[in-house]
$ cat data-v6.cif   # mmCIF, C-alpha atoms
data_start
loop_
_atom_site.label_atom_id
_atom_site.label_comp_id
_atom_site.auth_asym_id
_atom_site.auth_seq_id
_atom_site.Cartn_x
_atom_site.Cartn_y
_atom_site.Cartn_z
CA MET K 297 12.50 9.85 -3.81
CA SER K 298 15.54 8.61 -1.98
CA GLY K 299 18.12 5.93 -2.68
CA ALA K 300 17.71 3.89 -5.86
CA GLY K 301 14.25 5.18 -6.78
CA ARG K 302 12.86 4.22 -3.39
CA PRO K 303 10.33 6.71 -2.00
CA ALA K 304 11.15 8.43 1.28
CA TYR K 305 7.72 7.42 2.65
CA LEU K 306 5.59 4.37 2.03
CA ALA K 307 1.82 4.44 2.51
CA VAL K 308 0.92 2.36 5.58
CA GLY K 309 -2.74 3.32 6.02
CA ARG K 310 -5.70 5.09 4.46
CA LEU K 311 -7.35 7.76 6.61
CA ARG K 312 -11.02 6.83 6.50
CA LYS K 313 -13.02 9.03 8.92
CA PRO K 314 -13.13 10.51 12.41
CA HIS K 315 -14.44 8.04 14.98
CA GLY K 316 -16.33 9.07 18.09
CA LEU K 317 -15.86 12.28 20.06
CA LYS K 318 -12.40 11.72 21.58
CA GLY K 319 -10.30 12.59 18.52
CA ASP K 320 -9.83 9.07 17.16
CA PHE K 321 -9.55 8.44 13.43
CA ALA K 322 -10.45 5.17 11.67
CA ILE K 323 -7.51 3.93 9.59
CA PHE K 324 -7.55 1.11 7.04
CA PRO K 325 -4.10 -0.52 7.39
CA LEU K 326 -1.94 -1.00 4.29
CA THR K 327 0.78 -2.80 6.23
CA GLY K 328 1.20 -6.30 7.58
CA GLU K 329 2.59 -4.89 10.85
CA PRO K 330 -0.03 -2.35 12.03
CA GLU K 331 0.75 -2.89 15.73
CA ALA K 332 4.34 -1.72 15.15
CA VAL K 333 3.65 0.94 12.51
CA PHE K 334 0.79 2.57 14.48
CA ALA K 335 2.46 2.26 17.91
CA PRO K 336 2.19 5.27 20.26
CA GLY K 337 5.10 7.65 19.75
CA ARG K 338 5.49 6.80 16.04
CA ARG K 339 5.74 9.85 13.77
CA LEU K 340 3.88 9.54 10.47
CA VAL K 341 3.12 11.90 7.60
CA ARG K 342 -0.07 12.48 5.65
CA LEU K 343 0.19 11.77 1.92
CA ASP K 344 -2.06 12.55 -1.04
CA LEU K 345 -2.72 10.14 -3.93
CA GLU K 346 0.55 11.14 -5.63
CA GLY K 347 2.56 10.44 -2.47
CA THR K 348 3.19 14.14 -1.75
CA VAL K 349 3.64 14.95 1.95
CA LEU K 350 0.84 17.16 3.31
CA GLY K 351 1.59 19.35 6.31
CA GLU K 352 3.76 18.52 9.29
CA PRO K 353 4.33 15.00 10.66
CA VAL K 354 1.81 13.71 13.19
CA GLU K 355 2.61 11.63 16.26
CA VAL K 356 0.48 8.67 17.30
CA GLU K 357 -0.77 9.29 20.85
CA ARG K 358 -2.77 6.06 21.15
CA SER K 359 -3.89 3.24 18.87
CA ARG K 360 -5.93 0.07 18.95
CA ALA K 361 -7.29 -2.53 16.56
CA TYR K 362 -10.97 -2.06 15.72
CA HIS K 363 -12.57 -4.73 13.52
CA ARG K 364 -10.63 -4.61 10.18
CA GLU K 365 -9.37 -1.09 10.93
CA TRP K 366 -7.28 0.69 13.54
CA LEU K 367 -8.30 3.67 15.63
CA LEU K 368 -5.54 6.25 16.06
CA LYS K 369 -5.42 9.45 18.10
CA PHE K 370 -2.80 11.98 16.99
CA ARG K 371 -1.07 14.12 19.63
CA GLY K 372 -2.29 17.73 19.58
CA VAL K 373 -5.09 17.11 17.05
CA GLU K 374 -8.37 17.63 18.89
CA SER K 375 -10.66 19.21 16.29
CA ARG K 376 -13.06 16.89 14.52
CA ASP K 377 -13.27 19.53 11.75
CA GLU K 378 -9.50 19.25 11.16
CA LEU K 379 -9.73 15.45 11.13
CA ASP K 380 -12.64 15.60 8.70
CA ARG K 381 -10.41 17.41 6.16
CA TRP K 382 -7.99 14.45 6.28
CA ARG K 383 -10.52 11.92 4.93
CA GLY K 384 -9.21 9.90 2.00
CA GLN K 385 -5.59 10.85 2.57
CA PHE K 386 -2.94 8.28 3.42
CA LEU K 387 -0.52 7.84 6.31
CA GLY K 388 3.11 7.36 5.36
CA ALA K 389 6.02 6.02 7.37
CA PRO K 390 9.69 6.56 6.55
CA ALA K 391 10.69 3.69 4.23
CA SER K 392 13.96 3.35 6.18
CA GLU K 393 12.01 2.50 9.37
CA LEU K 394 9.86 -0.27 7.88
CA SER K 395 10.70 -3.96 7.71
CA PRO K 396 11.88 -4.93 4.23
CA PRO K 397 9.68 -7.35 2.31
CA ALA K 398 10.21 -11.03 3.13
CA GLU K 399 11.50 -13.44 0.51
CA GLY K 400 8.95 -13.75 -2.27
CA GLU K 401 7.36 -10.39 -1.40
CA VAL K 402 7.68 -6.98 -3.03
CA TYR K 403 6.43 -3.45 -2.45
CA VAL K 404 3.69 -2.50 -4.92
CA HIS K 405 5.65 0.58 -6.06
CA GLU K 406 8.53 -1.69 -7.13
CA LEU K 407 6.47 -3.85 -9.52
CA GLU K 408 6.60 -1.45 -12.46
CA GLY K 409 9.27 -2.72 -14.85
CA PHE K 410 9.27 -6.31 -13.55
CA ALA K 411 9.63 -8.94 -16.29
CA VAL K 412 6.76 -11.42 -16.53
CA ARG K 413 7.53 -14.98 -17.67
CA GLN K 414 5.83 -18.34 -17.71
CA ALA K 415 7.41 -21.20 -15.75
CA ASP K 416 8.86 -22.59 -19.03
CA GLY K 417 10.75 -19.31 -19.51
CA THR K 418 8.48 -17.81 -22.18
CA ALA K 419 8.62 -14.02 -21.87
CA LEU K 420 5.16 -12.45 -21.62
CA GLY K 421 6.03 -8.79 -21.12
CA LEU K 422 6.84 -6.08 -18.59
CA VAL K 423 4.68 -4.69 -15.79
CA SER K 424 3.73 -1.12 -16.75
CA ALA K 425 1.30 -0.29 -13.92
CA ALA K 426 -0.35 -1.66 -10.79
CA TYR K 427 -3.99 -0.99 -9.93
CA ASP K 428 -5.66 -1.49 -6.56
CA LEU K 429 -9.10 -2.68 -7.72
CA PRO K 430 -12.00 -3.97 -5.61
CA ALA K 431 -11.07 -7.53 -6.66
CA GLY K 432 -7.47 -6.95 -5.50
CA LEU K 433 -4.15 -5.82 -6.91
CA THR K 434 -4.05 -6.09 -10.72
CA LEU K 435 -1.00 -5.58 -12.91
CA GLU K 436 -0.98 -4.13 -16.40
CA VAL K 437 1.54 -6.05 -18.49
CA GLN K 438 2.84 -4.81 -21.85
CA GLY K 439 3.14 -7.96 -23.97
CA PRO K 440 4.65 -8.49 -27.42
CA ARG K 441 1.31 -7.95 -29.22
CA ARG K 442 -0.81 -6.06 -26.71
CA GLU K 443 -1.19 -5.25 -23.03
CA PHE K 444 -3.14 -7.50 -20.66
CA LEU K 445 -4.28 -7.37 -17.04
CA LEU K 446 -2.87 -9.88 -14.57
CA PRO K 447 -4.48 -10.38 -11.15
CA PHE K 448 -1.69 -10.44 -8.54
CA ARG K 449 -2.95 -13.62 -6.89
CA LYS K 450 -1.07 -16.75 -5.88
CA GLU K 451 -2.92 -18.93 -8.40
CA PHE K 452 -1.42 -16.78 -11.18
CA VAL K 453 1.82 -15.38 -9.70
CA GLN K 454 3.85 -18.42 -8.70
CA GLN K 455 7.17 -16.74 -7.91
CA VAL K 456 8.37 -13.21 -7.09
CA ASP K 457 12.09 -12.60 -7.49
CA ARG K 458 12.61 -9.07 -6.18
CA GLU K 459 16.35 -9.00 -6.89
CA ALA K 460 15.97 -10.21 -10.50
CA ARG K 461 12.79 -8.05 -10.89
CA LEU K 462 10.93 -11.08 -12.23
CA LEU K 463 7.46 -12.58 -11.84
CA VAL K 464 6.93 -16.20 -12.84
CA VAL K 465 3.28 -16.76 -13.69
CA ALA K 466 0.82 -19.47 -14.69
CA LEU K 467 -1.91 -17.99 -16.89
CA PRO K 468 -5.28 -19.57 -17.49
CA THR K 469 -5.92 -20.87 -21.01
CA GLY K 470 -7.10 -18.12 -23.33
CA MET K 471 -5.91 -15.18 -21.21
CA LEU K 472 -3.59 -13.92 -23.94
CA ASP K 473 -5.91 -14.69 -26.90
#
$ encode --input "data-v6.cif" --output "structure tokens"
Amino acid sequence: MSGAGRPAYLAVGRLRKPHGLKGDFAIFPLTGEPEAVFAPGRRLVRLDLEGTVLGEPVEVERSRAYHREWLLKFRGVESRDELDRWRGQFLGAPASELSPPAEGEVYVHELEGFAVRQADGTALGLVSAAYDLPAGLTLEVQGPRREFLLPFRKEFVQQVDREARLLVVALPTGMLD
């Protein structure tokens, strides 16, 4: 970690699988700016699920968009066997080099500890975890009587105040029953 609990590296892509015979790797982007983050010359690190850096940094030699993914070639990495061992890992970029979230946005790692309130000010609880589920990002909220799961979707999360560490939500009837 560096700074005020901010990680040194943020995950910007998931390493999916080698692609073709020229040393490319299919990457699922976890950033809204893949063309900048995966630009040739950019140095990235490989991360495991806990965010631990694995090995030495890698440099992007070439990159291009490919359907919903990106194809990246890393300088000096030619062996498909080596690339195959990287499957399922993540690519991380130095947090200090990434654009900060825009107003109303937040990094997923920052959500833990956010207060959750209804628009009328009623406190509902605190975010205790964030889960990346097939249906999308889901927050676990510790409420006054029990915990509940909150889909992080605009129909439920109406406002994100990063500075105040607050989510203003509109819950469907019966969600807390």
$ residues_around --input "data-v6.cif" --residues "K:Val349" --least-positions-apart "5" --cutoff "10 Å" --atoms "only C-alpha atoms" --output "PDB file with C-alpha atoms, in the frame of the given file"
ATOM      1  CA  ALA K 304      11.150   8.430   1.280  1.00  0.00           C
ATOM      2  CA  TYR K 305       7.720   7.420   2.650  1.00  0.00           C
ATOM      3  CA  VAL K 341       3.120  11.900   7.600  1.00  0.00           C
ATOM      4  CA  ARG K 342      -0.070  12.480   5.650  1.00  0.00           C
ATOM      5  CA  LEU K 343       0.190  11.770   1.920  1.00  0.00           C
ATOM      6  CA  ASP K 344      -2.060  12.550  -1.040  1.00  0.00           C
ATOM      7  CA  PHE K 386      -2.940   8.280   3.420  1.00  0.00           C
ATOM      8  CA  LEU K 387      -0.520   7.840   6.310  1.00  0.00           C
ATOM      9  CA  GLY K 388       3.110   7.360   5.360  1.00  0.00           C
TER      10      GLY K 388
END
$ closest_residue --input "data-v6.cif" --among "K:His315, K:His405, K:Arg413, K:Arg381" --to "K:Leu350" --atoms "all atoms listed in the file"
K:Arg381
$ resolve_selection --input "data-v6.cif" --expression "the PyMOL selection byres ((chain K and resi 434) around 8)" --output "list in words"
Ala426, Tyr427, Asp428, Leu429, Gly432, Leu433, Leu435, Glu436, Leu445, Leu446, Pro447 and Phe448 of chain K
$ closest_residue --input "data-v6.cif" --among "K:Val373, K:Ala391, K:Ala322, K:Leu367" --to "K:Ala307" --atoms "only C-alpha atoms"
K:Ala391
$ residues_around --input "data-v6.cif" --residues "K:Leu462" --least-positions-apart "2" --cutoff "12 Å" --atoms "only C-alpha atoms" --output "list in words"
Gly400, Glu401, Val402, Glu406, Leu407, Glu408, Gly409, Phe410, Ala411, Val412, Arg413, Gln414, Ala415, Gly417, Ala419, Leu420, Gly421, Leu422, Val423, Val453, Gln454, Gln455, Val456, Asp457, Arg458, Glu459, Ala460, Val464 and Val465 of chain K
$ residues_near_point --input "data-v6.cif" --point "(-3.8, -16.5, -15.1)" --cutoff "7 Å" --atoms "all atoms listed in the file" --output "PyMOL selection string"
chain K and resi 446+452+466-468+471
$ build_atoms --input "data-v6.cif" --residues "stretch 355-379 of chain K" --atoms "N, CA and C atoms" --output "PDB file, in the frame of the given file"
ATOM      1  N   GLU K 355       2.138  12.664  15.351  1.00  0.00           N
ATOM      2  CA  GLU K 355       2.610  11.630  16.260  1.00  0.00           C
ATOM      3  C   GLU K 355       1.422  10.849  16.794  1.00  0.00           C
ATOM      4  N   VAL K 356       1.542   9.529  16.773  1.00  0.00           N
ATOM      5  CA  VAL K 356       0.480   8.670  17.300  1.00  0.00           C
ATOM      6  C   VAL K 356       0.490   8.770  18.824  1.00  0.00           C
ATOM      7  N   GLU K 357      -0.635   9.196  19.394  1.00  0.00           N
ATOM      8  CA  GLU K 357      -0.770   9.290  20.850  1.00  0.00           C
ATOM      9  C   GLU K 357      -1.271   7.955  21.418  1.00  0.00           C
ATOM     10  N   ARG K 358      -2.262   7.373  20.743  1.00  0.00           N
ATOM     11  CA  ARG K 358      -2.770   6.060  21.150  1.00  0.00           C
ATOM     12  C   ARG K 358      -3.308   5.353  19.911  1.00  0.00           C
ATOM     13  N   SER K 359      -3.369   4.011  19.996  1.00  0.00           N
ATOM     14  CA  SER K 359      -3.890   3.240  18.870  1.00  0.00           C
ATOM     15  C   SER K 359      -4.439   1.919  19.385  1.00  0.00           C
ATOM     16  N   ARG K 360      -5.398   1.392  18.623  1.00  0.00           N
ATOM     17  CA  ARG K 360      -5.930   0.070  18.950  1.00  0.00           C
ATOM     18  C   ARG K 360      -6.620  -0.507  17.721  1.00  0.00           C
ATOM     19  N   ALA K 361      -6.599  -1.837  17.646  1.00  0.00           N
ATOM     20  CA  ALA K 361      -7.290  -2.530  16.560  1.00  0.00           C
ATOM     21  C   ALA K 361      -8.787  -2.372  16.775  1.00  0.00           C
ATOM     22  N   TYR K 362      -9.518  -2.223  15.662  1.00  0.00           N
ATOM     23  CA  TYR K 362     -10.970  -2.060  15.720  1.00  0.00           C
ATOM     24  C   TYR K 362     -11.557  -2.720  14.476  1.00  0.00           C
ATOM     25  N   HIS K 363     -12.076  -3.939  14.639  1.00  0.00           N
ATOM     26  CA  HIS K 363     -12.570  -4.730  13.520  1.00  0.00           C
ATOM     27  C   HIS K 363     -11.453  -4.883  12.484  1.00  0.00           C
ATOM     28  N   ARG K 364     -11.674  -4.498  11.220  1.00  0.00           N
ATOM     29  CA  ARG K 364     -10.630  -4.610  10.180  1.00  0.00           C
ATOM     30  C   ARG K 364      -9.778  -3.338  10.110  1.00  0.00           C
ATOM     31  N   GLU K 365     -10.075  -2.373  10.952  1.00  0.00           N
ATOM     32  CA  GLU K 365      -9.370  -1.090  10.930  1.00  0.00           C
ATOM     33  C   GLU K 365      -8.590  -0.899  12.220  1.00  0.00           C
ATOM     34  N   TRP K 366      -7.952   0.265  12.315  1.00  0.00           N
ATOM     35  CA  TRP K 366      -7.280   0.690  13.540  1.00  0.00           C
ATOM     36  C   TRP K 366      -7.818   2.063  13.882  1.00  0.00           C
ATOM     37  N   LEU K 367      -7.928   2.340  15.163  1.00  0.00           N
ATOM     38  CA  LEU K 367      -8.300   3.670  15.630  1.00  0.00           C
ATOM     39  C   LEU K 367      -7.053   4.334  16.168  1.00  0.00           C
ATOM     40  N   LEU K 368      -6.724   5.508  15.631  1.00  0.00           N
ATOM     41  CA  LEU K 368      -5.540   6.250  16.060  1.00  0.00           C
ATOM     42  C   LEU K 368      -5.959   7.618  16.550  1.00  0.00           C
ATOM     43  N   LYS K 369      -5.283   8.075  17.589  1.00  0.00           N
ATOM     44  CA  LYS K 369      -5.420   9.450  18.100  1.00  0.00           C
ATOM     45  C   LYS K 369      -4.059  10.084  17.891  1.00  0.00           C
ATOM     46  N   PHE K 370      -4.045  11.270  17.260  1.00  0.00           N
ATOM     47  CA  PHE K 370      -2.800  11.980  16.990  1.00  0.00           C
ATOM     48  C   PHE K 370      -2.595  13.072  18.040  1.00  0.00           C
ATOM     49  N   ARG K 371      -1.406  13.133  18.594  1.00  0.00           N
ATOM     50  CA  ARG K 371      -1.070  14.120  19.630  1.00  0.00           C
ATOM     51  C   ARG K 371      -1.309  15.537  19.108  1.00  0.00           C
ATOM     52  N   GLY K 372      -2.056  16.312  19.888  1.00  0.00           N
ATOM     53  CA  GLY K 372      -2.290  17.730  19.580  1.00  0.00           C
ATOM     54  C   GLY K 372      -3.380  17.968  18.550  1.00  0.00           C
ATOM     55  N   VAL K 373      -4.009  16.932  18.034  1.00  0.00           N
ATOM     56  CA  VAL K 373      -5.090  17.110  17.050  1.00  0.00           C
ATOM     57  C   VAL K 373      -6.397  16.771  17.767  1.00  0.00           C
ATOM     58  N   GLU K 374      -7.150  17.819  18.108  1.00  0.00           N
ATOM     59  CA  GLU K 374      -8.370  17.630  18.890  1.00  0.00           C
ATOM     60  C   GLU K 374      -9.630  17.947  18.081  1.00  0.00           C
ATOM     61  N   SER K 375      -9.508  18.719  17.035  1.00  0.00           N
ATOM     62  CA  SER K 375     -10.660  19.210  16.290  1.00  0.00           C
ATOM     63  C   SER K 375     -11.184  18.173  15.303  1.00  0.00           C
ATOM     64  N   ARG K 376     -12.436  17.821  15.467  1.00  0.00           N
ATOM     65  CA  ARG K 376     -13.060  16.890  14.520  1.00  0.00           C
ATOM     66  C   ARG K 376     -13.116  17.516  13.120  1.00  0.00           C
ATOM     67  N   ASP K 377     -13.261  18.852  13.052  1.00  0.00           N
ATOM     68  CA  ASP K 377     -13.270  19.530  11.750  1.00  0.00           C
ATOM     69  C   ASP K 377     -11.932  19.343  11.022  1.00  0.00           C
ATOM     70  N   GLU K 378     -10.816  19.460  11.772  1.00  0.00           N
ATOM     71  CA  GLU K 378      -9.500  19.250  11.160  1.00  0.00           C
ATOM     72  C   GLU K 378      -9.379  17.808  10.672  1.00  0.00           C
ATOM     73  N   LEU K 379      -9.797  16.859  11.510  1.00  0.00           N
ATOM     74  CA  LEU K 379      -9.730  15.450  11.130  1.00  0.00           C
ATOM     75  C   LEU K 379     -10.591  15.173   9.895  1.00  0.00           C
TER      76      LEU K 379
END
